[in-house]
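Student: Structure file coords34.cif (mmCIF, C-alpha atoms) is given on the next line.
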```cif
data_entry
#
loop_
_atom_site.label_atom_id
_atom_site.label_comp_id
_atom_site.auth_asym_id
_atom_site.auth_seq_id
_atom_site.Cartn_x
_atom_site.Cartn_y
_atom_site.Cartn_z
CA MET A 1 -55.64 7.35 1.69
CA GLY A 2 -52.31 8.76 0.54
CA GLY A 3 -50.44 6.30 2.79
CA THR A 4 -52.59 3.44 1.49
CA GLN A 5 -51.79 4.32 -2.13
CA ALA A 6 -48.06 4.47 -1.37
CA ILE A 7 -48.12 1.02 0.19
CA ARG A 8 -50.16 -0.50 -2.64
CA SER A 9 -47.93 0.97 -5.32
CA GLY A 10 -44.72 -0.16 -3.56
CA LYS A 11 -43.50 3.44 -3.21
CA ASP A 12 -42.00 2.99 0.21
CA GLY A 13 -38.92 5.03 -0.54
CA HIS A 14 -36.61 2.07 -1.23
CA GLY A 15 -37.41 1.28 -4.87
CA GLY A 16 -35.66 4.35 -6.26
CA LEU A 17 -32.43 3.66 -4.37
CA GLY A 18 -32.52 -0.01 -5.35
CA ASN A 19 -32.89 0.87 -9.02
CA VAL A 20 -29.97 3.28 -8.82
CA LEU A 21 -27.73 0.70 -7.12
CA SER A 22 -28.71 -2.03 -9.58
CA GLY A 23 -27.90 0.31 -12.46
CA ILE A 24 -24.50 1.05 -10.96
CA ALA A 25 -23.85 -2.68 -10.47
CA VAL A 26 -24.68 -3.40 -14.12
CA ALA A 27 -22.48 -0.54 -15.36
CA VAL A 28 -19.52 -1.58 -13.18
CA GLY A 29 -20.08 -5.21 -14.17
CA PHE A 30 -19.97 -4.41 -17.87
CA ALA A 31 -16.80 -2.38 -17.37
CA LEU A 32 -15.07 -5.23 -15.51
CA PHE A 33 -16.32 -7.87 -17.94
CA LEU A 34 -15.32 -6.05 -21.12
CA GLY A 35 -12.18 -4.63 -19.54
CA GLY A 36 -10.98 -8.11 -18.60
CA PHE A 37 -11.46 -9.34 -22.16
CA VAL A 38 -9.77 -6.32 -23.73
CA TRP A 39 -6.89 -6.49 -21.26
CA GLY A 40 -6.45 -10.18 -22.01
CA ALA A 41 -6.46 -9.60 -25.78
CA LEU A 42 -3.74 -6.97 -25.42
CA VAL A 43 -1.50 -9.05 -23.15
CA TYR A 44 -2.03 -12.61 -24.41
CA GLN A 45 -1.99 -14.35 -27.76
CA PRO A 46 -3.56 -17.77 -28.45
CA TYR A 47 -1.40 -20.46 -30.00
CA THR A 48 -2.13 -24.03 -31.08
CA VAL A 49 0.66 -26.51 -30.30
CA PRO A 50 1.20 -28.68 -33.41
CA THR A 51 3.51 -31.44 -32.10
CA ASP A 52 3.99 -33.73 -29.10
CA SER A 53 7.45 -32.37 -28.23
CA MET A 54 6.18 -30.66 -25.07
CA MET A 55 4.26 -33.62 -23.65
CA PRO A 56 3.15 -34.13 -20.93
CA THR A 57 3.08 -30.40 -20.16
CA VAL A 58 1.28 -29.49 -23.39
CA LEU A 59 -0.37 -31.98 -25.72
CA PRO A 60 -0.54 -31.75 -29.52
CA GLY A 61 -3.59 -29.74 -30.54
CA ASP A 62 -3.80 -27.90 -27.22
CA ARG A 63 -4.76 -24.24 -27.38
CA VAL A 64 -2.51 -22.23 -25.08
CA LEU A 65 -2.46 -18.62 -23.91
CA ALA A 66 0.95 -17.00 -24.20
CA GLN A 67 1.84 -13.66 -22.64
CA ARG A 68 3.46 -11.24 -25.05
CA ILE A 69 6.90 -10.48 -23.65
CA ASP A 70 10.28 -9.19 -24.71
CA GLY A 71 13.12 -11.69 -24.85
CA VAL A 72 14.98 -9.95 -22.02
CA GLU A 73 12.19 -11.02 -19.63
CA VAL A 74 12.79 -14.74 -20.19
CA ARG A 75 13.93 -16.85 -17.23
CA ARG A 76 15.03 -20.47 -16.91
CA GLY A 77 12.11 -22.87 -16.85
CA ASP A 78 9.84 -20.68 -19.00
CA VAL A 79 7.93 -22.34 -21.82
CA VAL A 80 8.34 -19.87 -24.67
CA ILE A 81 7.17 -19.32 -28.22
CA PHE A 82 9.95 -18.28 -30.59
CA THR A 83 10.74 -18.15 -34.29
CA ASP A 84 14.27 -18.82 -35.52
CA SER A 85 14.98 -19.22 -39.24
CA MET A 86 17.73 -21.74 -38.49
CA TRP A 87 15.16 -24.04 -36.91
CA SER A 88 11.91 -23.35 -38.75
CA ASP A 89 9.92 -20.62 -40.45
CA SER A 90 7.02 -21.31 -38.07
CA PRO A 91 6.70 -20.44 -34.37
CA MET A 92 7.94 -23.18 -32.06
CA VAL A 93 7.32 -23.90 -28.37
CA LYS A 94 10.11 -25.17 -26.07
CA ARG A 95 11.29 -24.84 -22.48
CA VAL A 96 14.22 -22.58 -21.58
CA VAL A 97 16.87 -24.61 -19.75
CA GLY A 98 19.88 -22.30 -19.95
CA ILE A 99 20.50 -18.58 -20.41
CA GLY A 100 23.60 -16.60 -21.36
CA GLY A 101 26.68 -17.70 -19.41
CA ASP A 102 25.19 -21.04 -18.28
CA THR A 103 26.89 -24.37 -18.87
CA VAL A 104 24.24 -26.98 -19.67
CA LYS A 105 25.42 -30.57 -19.49
CA CYS A 106 24.06 -34.05 -19.89
CA CYS A 107 24.39 -35.94 -17.82
CA GLY A 108 25.14 -35.73 -14.10
CA ALA A 109 26.08 -38.60 -11.81
CA GLY A 110 22.46 -39.65 -11.54
CA GLY A 111 21.70 -39.12 -15.21
CA GLU A 112 20.17 -35.68 -14.58
CA LEU A 113 20.55 -32.60 -16.73
CA THR A 114 22.80 -30.08 -14.98
CA VAL A 115 23.07 -26.29 -15.21
CA ASN A 116 26.32 -24.82 -13.88
CA GLY A 117 26.94 -28.10 -12.07
CA THR A 118 23.53 -28.11 -10.35
CA ALA A 119 21.43 -31.18 -11.10
CA LEU A 120 17.88 -30.33 -12.19
CA ASP A 121 14.81 -32.01 -10.75
CA GLU A 122 12.55 -32.16 -13.80
CA PRO A 123 9.19 -33.76 -12.94
CA TYR A 124 7.76 -32.20 -16.11
CA ALA A 125 10.17 -34.03 -18.42
CA ASP A 126 9.35 -37.29 -20.22
CA ASN A 127 12.56 -39.23 -20.83
CA THR A 128 10.94 -42.46 -22.04
CA LYS A 129 11.51 -43.78 -25.54
CA PRO A 130 8.64 -43.11 -27.97
CA ASP A 131 6.34 -45.94 -29.04
CA SER A 132 7.15 -47.24 -32.49
CA GLY A 133 3.60 -46.50 -33.64
CA LEU A 134 3.76 -42.80 -32.85
CA ALA A 135 4.55 -40.31 -35.61
CA MET A 136 7.93 -38.64 -35.20
CA PRO A 137 8.91 -35.17 -36.40
CA PRO A 138 11.07 -34.90 -39.54
CA GLY A 139 14.67 -35.77 -38.75
CA GLN A 140 15.78 -37.63 -35.68
CA ALA A 141 15.47 -36.38 -32.11
CA PRO A 142 18.50 -37.19 -29.94
CA ALA A 143 17.89 -40.04 -27.52
CA PRO A 144 17.38 -39.02 -23.87
CA GLY A 145 20.67 -39.16 -22.02
CA THR A 146 22.84 -38.46 -25.07
CA PRO A 147 25.92 -36.66 -23.65
CA PHE A 148 26.52 -33.00 -24.51
CA GLU A 149 27.96 -29.90 -22.90
CA VAL A 150 27.16 -26.36 -24.03
CA THR A 151 28.15 -22.96 -22.71
CA VAL A 152 25.35 -20.60 -23.69
CA PRO A 153 26.54 -17.35 -25.34
CA GLU A 154 25.42 -14.10 -23.70
CA GLY A 155 22.06 -12.98 -25.03
CA ASN A 156 21.10 -16.51 -26.10
CA LEU A 157 18.91 -19.33 -24.77
CA PHE A 158 19.27 -23.12 -24.68
CA LEU A 159 15.90 -24.79 -25.29
CA LEU A 160 14.58 -28.33 -24.84
CA GLY A 161 11.24 -30.01 -25.36
CA ASP A 162 9.73 -31.76 -22.34
CA ARG A 163 9.33 -34.99 -24.33
CA ARG A 164 13.02 -35.43 -24.80
CA ALA A 165 12.86 -38.45 -27.17
CA ALA A 166 10.55 -36.67 -29.63
CA SER A 167 11.82 -33.10 -29.58
CA LEU A 168 14.02 -31.52 -32.22
CA ASP A 169 15.44 -28.84 -29.96
CA SER A 170 18.84 -27.32 -29.14
CA ARG A 171 20.39 -30.80 -28.97
CA ALA A 172 19.64 -31.30 -32.66
CA HIS A 173 21.57 -28.11 -33.57
CA LEU A 174 24.73 -28.54 -31.48
CA GLN A 175 26.97 -28.49 -34.56
CA GLU A 176 25.62 -25.14 -35.76
CA ALA A 177 26.79 -21.68 -34.78
CA GLY A 178 25.84 -21.01 -31.17
CA GLN A 179 25.68 -24.76 -30.41
CA GLY A 180 21.92 -24.93 -30.77
CA THR A 181 21.15 -21.76 -28.82
CA VAL A 182 18.85 -19.02 -30.12
CA PRO A 183 18.91 -15.25 -29.50
CA ARG A 184 16.55 -13.87 -26.87
CA SER A 185 15.15 -11.59 -29.58
CA THR A 186 13.52 -14.58 -31.27
CA VAL A 187 11.11 -15.02 -28.34
CA SER A 188 7.68 -13.45 -28.77
CA ALA A 189 5.67 -14.90 -25.88
CA ARG A 190 5.70 -17.05 -22.73
CA VAL A 191 3.03 -19.72 -22.21
CA ASP A 192 1.00 -19.14 -19.05
CA ALA A 193 -1.89 -21.58 -19.43
CA VAL A 194 -3.59 -24.27 -21.45
CA ALA A 195 -7.00 -22.94 -22.46
CA TRP A 196 -8.51 -25.81 -24.49
CA PRO A 197 -9.56 -28.65 -24.48
CA SER A 198 -8.47 -28.76 -20.82
CA THR A 199 -7.83 -25.74 -18.61
CA SER A 200 -4.72 -25.44 -16.46
CA MET A 201 -2.04 -22.97 -15.46
CA LEU A 202 1.62 -23.75 -16.20
CA GLU A 203 3.65 -23.79 -13.01
CA ARG A 204 7.16 -22.33 -12.87
CA PRO A 205 9.58 -25.20 -12.10
CA ARG A 206 11.01 -24.70 -8.62
CA THR A 207 14.26 -26.46 -9.59
CA TYR A 208 15.44 -23.22 -11.24
CA ALA A 209 14.52 -20.92 -8.34
CA ALA A 210 17.89 -21.22 -6.57
CA LEU A 211 19.89 -20.31 -9.69
CA PRO A 212 20.90 -16.67 -10.31
CA GLY A 213 17.97 -14.69 -11.70
CA GLY A 214 15.42 -17.10 -10.27
CA ILE A 215 12.18 -17.87 -12.08
CA SER A 216 9.66 -15.61 -13.77
CA LYS A 217 6.42 -14.48 -12.15
CA PRO A 218 3.08 -15.55 -13.62
CA GLY A 219 1.36 -13.06 -15.89
CA PRO A 220 -1.91 -11.26 -15.06
CA LEU A 221 -4.15 -14.03 -16.43
CA ARG A 222 -5.70 -14.93 -13.05
CA LEU A 223 -6.52 -11.28 -12.38
CA GLN A 224 -8.06 -10.91 -15.83
CA LEU A 225 -10.22 -13.99 -15.32
CA ALA A 226 -11.30 -12.68 -11.91
CA SER A 227 -12.31 -9.39 -13.55
CA VAL A 228 -14.42 -11.20 -16.16
CA VAL A 229 -16.14 -13.45 -13.59
CA ALA A 230 -16.80 -10.60 -11.14
CA GLY A 231 -18.15 -8.42 -13.96
CA ALA A 232 -20.51 -11.15 -15.16
CA ALA A 233 -21.78 -11.69 -11.59
CA LEU A 234 -22.47 -7.97 -11.09
CA VAL A 235 -24.34 -7.75 -14.41
CA VAL A 236 -26.53 -10.74 -13.52
CA LEU A 237 -27.25 -9.52 -9.99
CA GLY A 238 -27.95 -5.97 -11.11
CA ALA A 239 -30.23 -7.08 -13.95
CA ALA A 240 -32.09 -9.45 -11.60
CA TYR A 241 -32.99 -6.71 -9.13
CA GLY A 242 -35.88 -5.24 -11.14
CA PRO A 243 -37.78 -8.52 -11.81
CA LEU A 244 -37.15 -9.70 -8.24
CA ALA A 245 -38.42 -6.43 -6.77
CA ARG A 246 -41.59 -6.64 -8.90
CA VAL A 247 -42.25 -10.22 -7.78
CA LEU A 248 -41.79 -9.30 -4.13
CA GLY A 249 -43.95 -6.23 -4.61
CA ARG A 250 -46.83 -8.27 -6.05
CA GLY A 251 -46.52 -10.66 -3.10
CA ARG A 252 -46.92 -7.81 -0.63
CA ARG A 253 -49.99 -6.46 -2.43
CA ARG A 254 -51.70 -9.86 -2.25
CA GLU A 255 -51.42 -10.02 1.57
CA PRO A 256 -54.64 -9.39 3.57
CA ALA A 257 -55.01 -5.67 3.72
CA GLY A 258 -55.46 -4.31 7.19
CA VAL A 259 -55.06 -0.75 6.00
CA HIS A 260 -58.36 -0.31 4.10
#
```
Write out the structure in this file as structure tokens.
Tutor:
Amino acid sequence: MGGTQAIRSGKDGHGGLGNVLSGIAVAVGFALFLGGFVWGALVYQPYTVPTDSMMPTVLPGDRVLAQRIDGVEVRRGDVVIFTDSMWSDSPMVKRVVGIGGDTVKCCGAGGELTVNGTALDEPYADNTKPDSGLAMPPGQAPAPGTPFEVTVPEGNLFLLGDRRAASLDSRAHLQEAGQGTVPRSTVSARVDAVAWPSTSMLERPRTYAALPGGISKPGPLRLQLASVVAGAALVVLGAAYGPLARVLGRGRRREPAGVH
């Protein structure tokens, strides 16, 4: 009779271990899930892009995730958020084309932008003229292909928008001190991804990889997302164990009993 009662009640020795493991899975899942969010909040800051100067890489109204970094970490090709009082009192987003010591020139033999004599392959850049119906930023953006040559002072950055015909960037400040460059200290973050309304990671342009210093490495966003997803999966699986075990247990009790 004792064995019969154990079978009927589902006390076959496995339920206790299963409950312990499901509890551990839920606890670990919560830790990963919340930890991923907290980690992300500490490392990244959200930012809404107000203009079309970075099209097609980032569209106006896009919500991006930018990794908090120090200006010394900036590399060529990075899309950065910076605030410089000579440009604007608001944060701006542009792409770093040249760093201290670089000579940035437009244009090379094929019409390309060059850095230290090396022509850049810029598939991300839009060099077409803007449609007359599109709103332009205050002032006048230099036309794509307008000649210039700048040697970037040490500790400074030369910045351009990807939509060259609609971007008030370093080219619009060539006559100012520093020839349109800004100090590295003005940079507060580097854009890693577009979060809304679409979702995509920003790739580091390979055209800068062969230059001294290379390109920057992506931030920990992928790892943080993996932590959140894995945590959510563990919570769901762990929480589902109890109801699933009860359903399976009732199914066993309804089988023809050959043990009476």
Student: Would you list the contacts of Ser200 in chain A as an NGL selection string, taking every protein, DNA or RNA residue within 12 Å and counting only C-alpha atoms, but skipping same-chain residues closer than 3 positions in sequence?
Tutor: :A and (57-58 or 62-65 or 191-197 or 203 or 221-222)
Student: With all atoms listed in the file as the counted atoms, please give the residues lying no more than 10 Å from Leu223 in chain A, apart from itself and same-chain residues fewer than 5 positions off, as a list in words.
Tutor: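 Surrounding residues, per the criterion: Gly36, Gly40, Val228 and Val229 of chain A.
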Student: Pick from A:Pro153, A:Pro243, A:Gly111, A:Gly231: nearest to Phe33 in chain A, with only C-alpha atoms counted?
Tutor: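 Looking at the shortest contact to Phe33 in chain A, the residue is A:Gly231.
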Student: Take CA of Val152 in chain A and CA of Thr181 in chain A and report the distance between them in Å, one decimal.
Tutor: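 Atom-to-atom, CA of Val152 in chain A to CA of Thr181 in chain A, that is 6.7 Å.
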Student: Step by step: start from the point (28.9, -19.4, -19.0) in the file's coordinates, keep every protein, DNA or RNA residue that has an atom no farther than 9 Å from it, count only C-alpha atoms, and write the set as a ChimeraX atom specification.
Tutor: /A:99-104,116,150-154
Student: Find the distance between CA of Cys106 in chain A and CA of Glu149 in chain A and write it in Å to one decimal.
Tutor: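 These atoms are spaced 6.4 Å apart.
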Student: Please provide the set of residues having any atom within 8 Å of range 159-166 of chain A, restricted to only C-alpha atoms, with same-chain residues fewer than 6 positions apart removed, written as a list in words.
Tutor: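 Once the adjacent positions are removed, what remains is Asp52, Ser53, Met54, Met55, Pro56, Thr57, Val93, Lys94, Arg95, Val96, Val97, Gly98, Tyr124, Ala125, Asp126, Asn127, Thr128, Lys129, Pro130, Met136, Pro137, Ala141, Pro142, Ala143, Pro144 and Thr181 of chain A.
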Student: Using the chain letters and residue numbers of this document, give as a PyMOL selection string the residues selected by the PyMOL selection byres ((chain A and resi 207) around 8).
Tutor: chain A and resi 120-122+205-206+208-210
Student: I'd like to know which of A:Thr199, A:Ser167, A:Ser227, A:Asn156 is closest to Val72 in chain A, using only C-alpha atoms.
Tutor: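 Of A:Thr199, A:Ser167, A:Ser227, A:Asn156, the one nearest Val72 in chain A is A:Asn156, counting only C-alpha atoms.
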Student: Restricting the calculation to only C-alpha atoms: of A:Gly71, A:Gly180, A:Gly23, A:Gly35, which residue gets closest to Gly155 in chain A?
Tutor: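 The answer is A:Gly71, which sits nearest to Gly155 in chain A.
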Student: Compare A:Gly61, A:Pro183, A:Gly145, A:Gly213 by their minimum atom-to-atom distance to Met86 in chain A, counting only C-alpha atoms, and give me the closest one.
Tutor: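 For Met86 in chain A, the nearest of the candidates is A:Pro183.
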Student: For the provided coordinates, the residues matched by the PyMOL selection byres ((chain A and resi 74) around 9) should be stated as an MDAnalysis selection string.
Tutor: chainID A and resid 69:73 75:78 80 96 99 157 184 187 190 215:216
